[in-house]
>>> print(open('target.cif').read())   # mmCIF, C-alpha atoms
data_my_file
#
loop_
_atom_site.group_PDB
_atom_site.id
_atom_site.type_symbol
_atom_site.label_atom_id
_atom_site.label_comp_id
_atom_site.auth_asym_id
_atom_site.auth_seq_id
_atom_site.Cartn_x
_atom_site.Cartn_y
_atom_site.Cartn_z
ATOM 1 C CA MET A 1 0.427 143.822 57.782
ATOM 2 C CA ALA A 2 1.788 146.802 59.682
ATOM 3 C CA ALA A 3 1.924 150.236 58.070
ATOM 4 C CA ALA A 4 5.715 150.067 57.836
ATOM 5 C CA GLU A 5 5.498 146.746 56.014
ATOM 6 C CA ALA A 6 2.905 148.163 53.607
ATOM 7 C CA ALA A 7 5.245 150.942 52.515
ATOM 8 C CA ALA A 8 8.066 148.455 51.861
ATOM 9 C CA ALA A 9 5.718 146.140 49.939
ATOM 10 C CA TRP A 10 4.501 149.059 47.791
ATOM 11 C CA GLU A 11 8.087 149.923 46.937
ATOM 12 C CA ALA A 12 8.870 146.283 46.136
ATOM 13 C CA VAL A 13 6.115 146.123 43.489
ATOM 14 C CA ARG A 14 7.093 149.601 42.208
ATOM 15 C CA GLY A 15 3.540 150.873 42.459
ATOM 16 C CA ALA A 16 2.099 148.281 40.064
ATOM 17 C CA PRO A 17 -1.594 147.408 40.525
ATOM 18 C CA CYS A 18 -1.843 144.468 42.893
ATOM 19 C CA VAL A 19 -3.907 142.699 45.510
ATOM 20 C CA LEU A 20 -2.585 142.135 49.000
ATOM 21 C CA GLU A 21 -3.621 138.825 50.483
ATOM 22 C CA GLY A 22 -2.846 137.393 53.867
ATOM 23 C CA PHE A 23 -2.841 133.953 55.408
ATOM 24 C CA ILE A 24 -5.972 133.193 57.391
ATOM 25 C CA ARG A 25 -6.253 130.551 60.057
ATOM 26 C CA PHE A 26 -9.675 128.955 59.800
ATOM 27 C CA GLU A 27 -11.452 125.782 60.853
ATOM 28 C CA ALA A 28 -13.740 125.349 57.858
ATOM 29 C CA GLU A 29 -15.313 127.020 54.843
ATOM 30 C CA PHE A 30 -19.062 127.290 54.378
ATOM 31 C CA SER A 31 -21.499 128.924 51.972
ATOM 32 C CA ILE A 32 -24.541 131.041 52.633
ATOM 33 C CA LEU A 33 -27.038 130.422 49.832
ATOM 34 C CA LEU A 34 -29.978 132.792 49.862
ATOM 35 C CA CYS A 35 -32.647 133.927 47.473
ATOM 36 C CA ARG A 36 -34.233 137.369 47.518
ATOM 37 C CA ALA A 37 -37.456 138.398 45.797
ATOM 38 C CA ALA A 38 -38.061 141.904 44.408
ATOM 39 C CA SER A 39 -40.414 142.435 47.362
ATOM 40 C CA GLY A 40 -37.480 141.979 49.760
ATOM 41 C CA GLU A 41 -38.635 138.555 50.936
ATOM 42 C CA MET A 42 -35.615 136.323 51.584
ATOM 43 C CA ILE A 43 -35.131 132.611 52.091
ATOM 44 C CA SER A 44 -31.987 130.585 52.637
ATOM 45 C CA TRP A 45 -30.852 126.977 52.515
ATOM 46 C CA ASP A 46 -28.934 125.139 55.196
ATOM 47 C CA ALA A 47 -25.296 126.218 54.933
ATOM 48 C CA PRO A 48 -23.020 123.545 53.458
ATOM 49 C CA ARG A 49 -19.537 122.889 54.828
ATOM 50 C CA ASN A 50 -17.157 122.989 51.848
ATOM 51 C CA SER A 51 -13.988 120.942 51.425
ATOM 52 C CA HIS A 52 -11.408 121.680 48.754
ATOM 53 C CA LEU A 53 -8.870 119.559 46.930
ATOM 54 C CA ASN A 54 -6.010 121.309 45.115
ATOM 55 C CA GLY A 55 -7.823 124.637 45.441
ATOM 56 C CA ILE A 56 -11.065 123.385 43.837
ATOM 57 C CA LEU A 57 -14.379 122.736 45.600
ATOM 58 C CA ASP A 58 -14.427 118.988 46.127
ATOM 59 C CA ARG A 59 -17.339 118.365 48.483
ATOM 60 C CA SER A 60 -20.237 120.201 50.157
ATOM 61 C CA GLU A 61 -21.907 118.569 53.158
ATOM 62 C CA ILE A 62 -25.101 119.405 54.972
ATOM 63 C CA PRO A 63 -25.397 119.841 57.898
ATOM 64 C CA ALA A 64 -22.181 121.803 58.276
ATOM 65 C CA GLY A 65 -21.791 120.772 61.934
ATOM 66 C CA PRO A 66 -22.854 122.254 65.272
ATOM 67 C CA GLU A 67 -19.459 123.894 65.858
ATOM 68 C CA LEU A 68 -20.123 126.182 62.855
ATOM 69 C CA ARG A 69 -23.612 127.347 63.928
ATOM 70 C CA PRO A 70 -22.494 130.659 65.523
ATOM 71 C CA ALA A 71 -20.357 131.603 62.492
ATOM 72 C CA ILE A 72 -23.130 130.580 60.096
ATOM 73 C CA ALA A 73 -25.738 132.674 61.948
ATOM 74 C CA GLU A 74 -23.486 135.748 61.865
ATOM 75 C CA ALA A 75 -22.593 135.190 58.198
ATOM 76 C CA GLU A 76 -26.237 134.739 57.189
ATOM 77 C CA GLU A 77 -27.134 138.044 58.814
ATOM 78 C CA LEU A 78 -24.334 139.733 56.843
ATOM 79 C CA ALA A 79 -25.414 138.032 53.582
ATOM 80 C CA ARG A 80 -28.972 139.289 54.078
ATOM 81 C CA LYS A 81 -27.680 142.832 54.611
ATOM 82 C CA VAL A 82 -25.616 142.576 51.407
ATOM 83 C CA ALA A 83 -28.632 141.347 49.399
ATOM 84 C CA ASP A 84 -30.809 144.178 50.762
ATOM 85 C CA ALA A 85 -28.129 146.839 50.184
ATOM 86 C CA LEU A 86 -27.755 145.716 46.561
ATOM 87 C CA ASP A 87 -31.553 145.407 46.138
ATOM 88 C CA TYR A 88 -30.573 142.031 44.696
ATOM 89 C CA VAL A 89 -33.135 139.697 43.102
ATOM 90 C CA GLY A 90 -32.351 135.975 42.711
ATOM 91 C CA VAL A 91 -29.899 133.563 44.279
ATOM 92 C CA LEU A 92 -26.859 135.085 45.965
ATOM 93 C CA THR A 93 -24.034 132.969 47.402
ATOM 94 C CA LEU A 94 -21.432 134.192 49.861
ATOM 95 C CA GLU A 95 -18.558 131.976 51.001
ATOM 96 C CA PHE A 96 -17.000 132.393 54.434
ATOM 97 C CA PHE A 97 -14.177 130.967 56.496
ATOM 98 C CA ALA A 98 -15.087 130.004 60.071
ATOM 99 C CA SER A 99 -12.316 131.376 62.302
ATOM 100 C CA ALA A 100 -11.743 131.942 66.014
ATOM 101 C CA ASP A 101 -12.655 135.604 65.370
ATOM 102 C CA GLY A 102 -15.943 134.754 63.638
ATOM 103 C CA PRO A 103 -16.791 134.391 59.949
ATOM 104 C CA ILE A 104 -14.388 135.899 57.418
ATOM 105 C CA PHE A 105 -15.848 136.759 54.015
ATOM 106 C CA ASN A 106 -14.116 134.972 51.127
ATOM 107 C CA GLU A 107 -16.110 135.205 47.901
ATOM 108 C CA MET A 108 -19.456 136.347 46.501
ATOM 109 C CA ALA A 109 -21.306 134.827 43.548
ATOM 110 C CA PRO A 110 -24.377 136.791 42.349
ATOM 111 C CA ARG A 111 -25.914 133.642 40.865
ATOM 112 C CA VAL A 112 -26.550 129.988 41.554
ATOM 113 C CA HIS A 113 -23.336 128.393 42.787
ATOM 114 C CA ASN A 114 -21.566 125.030 42.657
ATOM 115 C CA SER A 115 -21.694 124.734 46.470
ATOM 116 C CA GLY A 116 -25.497 124.782 46.133
ATOM 117 C CA HIS A 117 -25.864 122.116 43.445
ATOM 118 C CA TRP A 118 -26.872 119.702 46.229
ATOM 119 C CA THR A 119 -30.210 121.555 46.394
ATOM 120 C CA ILE A 120 -31.363 119.885 43.145
ATOM 121 C CA GLU A 121 -32.181 116.649 44.993
ATOM 122 C CA GLY A 122 -31.439 117.653 48.585
ATOM 123 C CA ALA A 123 -33.911 120.517 49.084
ATOM 124 C CA LEU A 124 -37.635 120.793 48.507
ATOM 125 C CA SER A 125 -36.947 123.705 46.105
ATOM 126 C CA SER A 126 -33.535 123.982 44.432
ATOM 127 C CA GLN A 127 -31.427 127.095 44.007
ATOM 128 C CA PHE A 128 -32.234 126.975 40.267
ATOM 129 C CA GLU A 129 -36.006 126.851 40.841
ATOM 130 C CA ASN A 130 -35.955 129.658 43.384
ATOM 131 C CA HIS A 131 -33.744 131.837 41.188
ATOM 132 C CA ILE A 132 -36.348 131.628 38.403
ATOM 133 C CA ARG A 133 -39.200 132.149 40.878
ATOM 134 C CA ALA A 134 -37.516 135.307 42.215
ATOM 135 C CA ILE A 135 -36.748 136.933 38.863
ATOM 136 C CA CYS A 136 -40.241 136.089 37.553
ATOM 137 C CA GLY A 137 -41.954 137.556 40.619
ATOM 138 C CA LEU A 138 -43.341 134.195 41.737
ATOM 139 C CA PRO A 139 -43.598 133.025 45.369
ATOM 140 C CA LEU A 140 -40.331 131.570 46.653
ATOM 141 C CA GLY A 141 -40.219 127.813 47.297
ATOM 142 C CA ASP A 142 -39.464 125.848 50.459
ATOM 143 C CA THR A 143 -35.726 125.406 51.090
ATOM 144 C CA GLY A 144 -36.101 122.597 53.642
ATOM 145 C CA LEU A 145 -33.990 119.454 53.353
ATOM 146 C CA VAL A 146 -35.479 116.324 51.786
ATOM 147 C CA LEU A 147 -33.454 114.185 54.242
ATOM 148 C CA PRO A 148 -31.378 115.253 57.275
ATOM 149 C CA ARG A 149 -28.018 114.607 55.545
ATOM 150 C CA VAL A 150 -26.920 115.550 52.034
ATOM 151 C CA ALA A 151 -23.488 115.497 50.381
ATOM 152 C CA MET A 152 -22.423 116.778 46.968
ATOM 153 C CA GLN A 153 -19.129 115.606 45.435
ATOM 154 C CA ASN A 154 -17.682 117.299 42.365
ATOM 155 C CA LEU A 155 -16.360 115.075 39.576
ATOM 156 C CA ILE A 156 -13.071 116.694 38.670
ATOM 157 C CA GLY A 157 -10.981 115.781 35.654
ATOM 158 C CA SER A 158 -11.118 112.074 34.880
ATOM 159 C CA ASP A 159 -13.308 111.305 37.946
ATOM 160 C CA VAL A 160 -16.193 111.303 35.488
ATOM 161 C CA ASP A 161 -15.104 107.811 34.390
ATOM 162 C CA ALA A 162 -16.452 106.481 37.694
ATOM 163 C CA TRP A 163 -20.103 107.067 36.710
ATOM 164 C CA ARG A 164 -21.026 103.359 36.543
ATOM 165 C CA GLU A 165 -19.767 102.817 40.072
ATOM 166 C CA ILE A 166 -21.568 105.961 41.264
ATOM 167 C CA LEU A 167 -24.845 104.776 39.782
ATOM 168 C CA SER A 168 -24.560 101.445 41.612
ATOM 169 C CA ASP A 169 -25.446 103.437 44.757
ATOM 170 C CA PRO A 170 -29.254 103.919 44.804
ATOM 171 C CA ALA A 171 -28.836 107.068 46.939
ATOM 172 C CA ALA A 172 -26.605 108.729 44.327
ATOM 173 C CA HIS A 173 -27.803 111.286 41.788
ATOM 174 C CA LEU A 174 -25.312 111.804 38.967
ATOM 175 C CA HIS A 175 -25.057 115.031 36.954
ATOM 176 C CA LEU A 176 -22.666 115.210 33.992
ATOM 177 C CA TYR A 177 -22.130 118.664 32.497
ATOM 178 C CA GLY A 178 -21.611 117.519 28.896
ATOM 179 C CA LYS A 179 -18.092 118.883 28.608
ATOM 180 C CA LYS A 180 -16.259 117.141 25.776
ATOM 181 C CA GLU A 181 -12.773 117.057 27.242
ATOM 182 C CA ALA A 182 -11.797 115.953 30.746
ATOM 183 C CA ARG A 183 -8.768 117.881 31.997
ATOM 184 C CA PRO A 184 -7.082 117.923 35.396
ATOM 185 C CA GLY A 185 -8.874 120.442 37.609
ATOM 186 C CA ARG A 186 -11.936 120.755 35.339
ATOM 187 C CA LYS A 187 -15.374 120.201 36.908
ATOM 188 C CA MET A 188 -17.029 117.585 34.712
ATOM 189 C CA GLY A 189 -20.108 116.982 36.858
ATOM 190 C CA HIS A 190 -21.194 116.186 40.380
ATOM 191 C CA VAL A 191 -22.921 113.496 42.380
ATOM 192 C CA THR A 192 -25.359 114.160 45.208
ATOM 193 C CA ARG A 193 -26.058 111.537 47.877
ATOM 194 C CA LEU A 194 -29.040 111.752 50.201
ATOM 195 C CA GLY A 195 -29.192 110.293 53.696
#
>>> encode(input="target.cif", output="structure tokens")
Amino acid sequence: MAAAEAAAAWEAVRGAPCVLEGFIRFEAEFSILLCRAASGEMISWDAPRNSHLNGILDRSEIPAGPELRPAIAEAEELARKVADALDYVGVLTLEFFASADGPIFNEMAPRVHNSGHWTIEGALSSQFENHIRAICGLPLGDTGLVLPRVAMQNLIGSDVDAWREILSDPAAHLHLYGKKEARPGRKMGHVTRLG
């Protein structure tokens, strides 16, 4: 937005508190999942490529793809700087858009994150385990992949009714969140598939 446009926009909202957002052209979204110990030691998991459906995280896939490697490397360096600057302890997740101009920061979650739920079965040490290790001052666990390919699919709304079909796949690991009412757009659980 040009300065002249900003002045007109400010007048249009009559000075009310607001957030200015712009359209971003991007190829993909990915997450940087890292864990920092009080000592400053940091580990990270492979970055998942995230796909959305109706504005909700639908699927996270690892590996994210070779075309995203440069953006992921740059974003991971930024995420590490953020964690150090905050003297953060525990799991920290930063989401980015991969664009022609490099990674564009989207969102930060100072906690374990839905885009990292795949780590429960897909990594040697999950985001949940490493979060506890970090805040308890224990050594951080190995974030390596169990198998070279992992995918996590959210169960949104009534998708949870498909659990019998999901469990017919021996590579599927079903997690139901125990929510009593399925509603459109509500995350009811997720399924992780290895390999």
>>> closest_residue(input="target.cif", among="A:Gly15, A:Gly178, A:Gly195, A:Gly90", to="A:Met42", atoms="only C-alpha atoms")
A:Gly90
>>> atom_distance(input="target.cif", atom1="atom CA of A:Arg59", atom2="atom CA of A:Arg183")
18.6 Å
>>> closest_residue(input="target.cif", among="A:Arg49, A:Arg186, A:His113, A:Lys81", to="A:Ala98", atoms="all atoms listed in the file")
A:Arg49
>>> resolve_selection(input="target.cif", expression="the PyMOL selection byres ((chain A and resi 136) around 12)", output="list in words")
Arg36, Ala37, Ala38, Ser39, Val89, Gly90, Glu129, Asn130, His131, Ile132, Arg133, Ala134, Ile135, Gly137, Leu138, Pro139 and Leu140 of chain A
>>> residues_around(input="target.cif", residues="A:Ile120", least_positions_apart="6", cutoff="9 Å", atoms="all atoms listed in the file", output="MDAnalysis selection string")
chainID A and resid 126:129 192
>>> closest_residue(input="target.cif", among="A:Asn154, A:Ser125, A:Thr93, A:Asn50", to="A:Pro63", atoms="all atoms listed in the file")
A:Asn50
>>> atom_distance(input="target.cif", atom1="atom CA of A:Asp58", atom2="atom CA of A:Leu155")
7.9 Å
>>> closest_residue(input="target.cif", among="A:Pro66, A:Asp46, A:Glu95, A:Ala162", to="A:Ala79", atoms="only C-alpha atoms")
A:Glu95
>>> atom_distance(input="target.cif", atom1="atom CA of A:Glu77", atom2="atom CA of A:Val91")
15.5 Å
>>> residues_around(input="target.cif", residues="stretch 101-109 of chain A", least_positions_apart="4", cutoff="12 Å", atoms="all atoms listed in the file", output="ChimeraX atom specification")
/A:21-34,67-79,82-83,88,90-97,113-116
>>> write_last_selection(input="target.cif", atoms="C-alpha atoms", output="mmCIF file, keeping the file's coordinate frame")
data_model
loop_
_atom_site.group_PDB
_atom_site.id
_atom_site.type_symbol
_atom_site.label_atom_id
_atom_site.label_comp_id
_atom_site.auth_asym_id
_atom_site.auth_seq_id
_atom_site.Cartn_x
_atom_site.Cartn_y
_atom_site.Cartn_z
ATOM 1 C CA GLU A 21 -3.621 138.825 50.483
ATOM 2 C CA GLY A 22 -2.846 137.393 53.867
ATOM 3 C CA PHE A 23 -2.841 133.953 55.408
ATOM 4 C CA ILE A 24 -5.972 133.193 57.391
ATOM 5 C CA ARG A 25 -6.253 130.551 60.057
ATOM 6 C CA PHE A 26 -9.675 128.955 59.800
ATOM 7 C CA GLU A 27 -11.452 125.782 60.853
ATOM 8 C CA ALA A 28 -13.740 125.349 57.858
ATOM 9 C CA GLU A 29 -15.313 127.020 54.843
ATOM 10 C CA PHE A 30 -19.062 127.290 54.378
ATOM 11 C CA SER A 31 -21.499 128.924 51.972
ATOM 12 C CA ILE A 32 -24.541 131.041 52.633
ATOM 13 C CA LEU A 33 -27.038 130.422 49.832
ATOM 14 C CA LEU A 34 -29.978 132.792 49.862
ATOM 15 C CA GLU A 67 -19.459 123.894 65.858
ATOM 16 C CA LEU A 68 -20.123 126.182 62.855
ATOM 17 C CA ARG A 69 -23.612 127.347 63.928
ATOM 18 C CA PRO A 70 -22.494 130.659 65.523
ATOM 19 C CA ALA A 71 -20.357 131.603 62.492
ATOM 20 C CA ILE A 72 -23.130 130.580 60.096
ATOM 21 C CA ALA A 73 -25.738 132.674 61.948
ATOM 22 C CA GLU A 74 -23.486 135.748 61.865
ATOM 23 C CA ALA A 75 -22.593 135.190 58.198
ATOM 24 C CA GLU A 76 -26.237 134.739 57.189
ATOM 25 C CA GLU A 77 -27.134 138.044 58.814
ATOM 26 C CA LEU A 78 -24.334 139.733 56.843
ATOM 27 C CA ALA A 79 -25.414 138.032 53.582
ATOM 28 C CA VAL A 82 -25.616 142.576 51.407
ATOM 29 C CA ALA A 83 -28.632 141.347 49.399
ATOM 30 C CA TYR A 88 -30.573 142.031 44.696
ATOM 31 C CA GLY A 90 -32.351 135.975 42.711
ATOM 32 C CA VAL A 91 -29.899 133.563 44.279
ATOM 33 C CA LEU A 92 -26.859 135.085 45.965
ATOM 34 C CA THR A 93 -24.034 132.969 47.402
ATOM 35 C CA LEU A 94 -21.432 134.192 49.861
ATOM 36 C CA GLU A 95 -18.558 131.976 51.001
ATOM 37 C CA PHE A 96 -17.000 132.393 54.434
ATOM 38 C CA PHE A 97 -14.177 130.967 56.496
ATOM 39 C CA HIS A 113 -23.336 128.393 42.787
ATOM 40 C CA ASN A 114 -21.566 125.030 42.657
ATOM 41 C CA SER A 115 -21.694 124.734 46.470
ATOM 42 C CA GLY A 116 -25.497 124.782 46.133
#
>>> decode(input="target.cif", residues="stretch 48-61 of chain A", atoms="C-alpha atoms", output="PDB file, in the first residue's frame")
ATOM      1  CA  PRO A  48       5.999 -29.875   7.149  1.00  0.00           C
ATOM      2  CA  ARG A  49       4.268 -28.473   4.071  1.00  0.00           C
ATOM      3  CA  ASN A  50       0.776 -27.405   5.177  1.00  0.00           C
ATOM      4  CA  SER A  51      -2.383 -27.506   3.073  1.00  0.00           C
ATOM      5  CA  HIS A  52      -5.586 -25.766   4.096  1.00  0.00           C
ATOM      6  CA  LEU A  53      -9.237 -26.388   3.354  1.00  0.00           C
ATOM      7  CA  ASN A  54     -11.725 -23.568   3.982  1.00  0.00           C
ATOM      8  CA  GLY A  55      -9.095 -21.679   5.980  1.00  0.00           C
ATOM      9  CA  ILE A  56      -8.357 -24.588   8.354  1.00  0.00           C
ATOM     10  CA  LEU A  57      -5.202 -26.722   8.434  1.00  0.00           C
ATOM     11  CA  ASP A  58      -6.166 -29.868   6.565  1.00  0.00           C
ATOM     12  CA  ARG A  59      -2.897 -31.715   5.998  1.00  0.00           C
ATOM     13  CA  SER A  60       0.802 -31.536   6.923  1.00  0.00           C
ATOM     14  CA  GLU A  61       3.279 -33.523   4.831  1.00  0.00           C
TER      15      GLU A  61
END
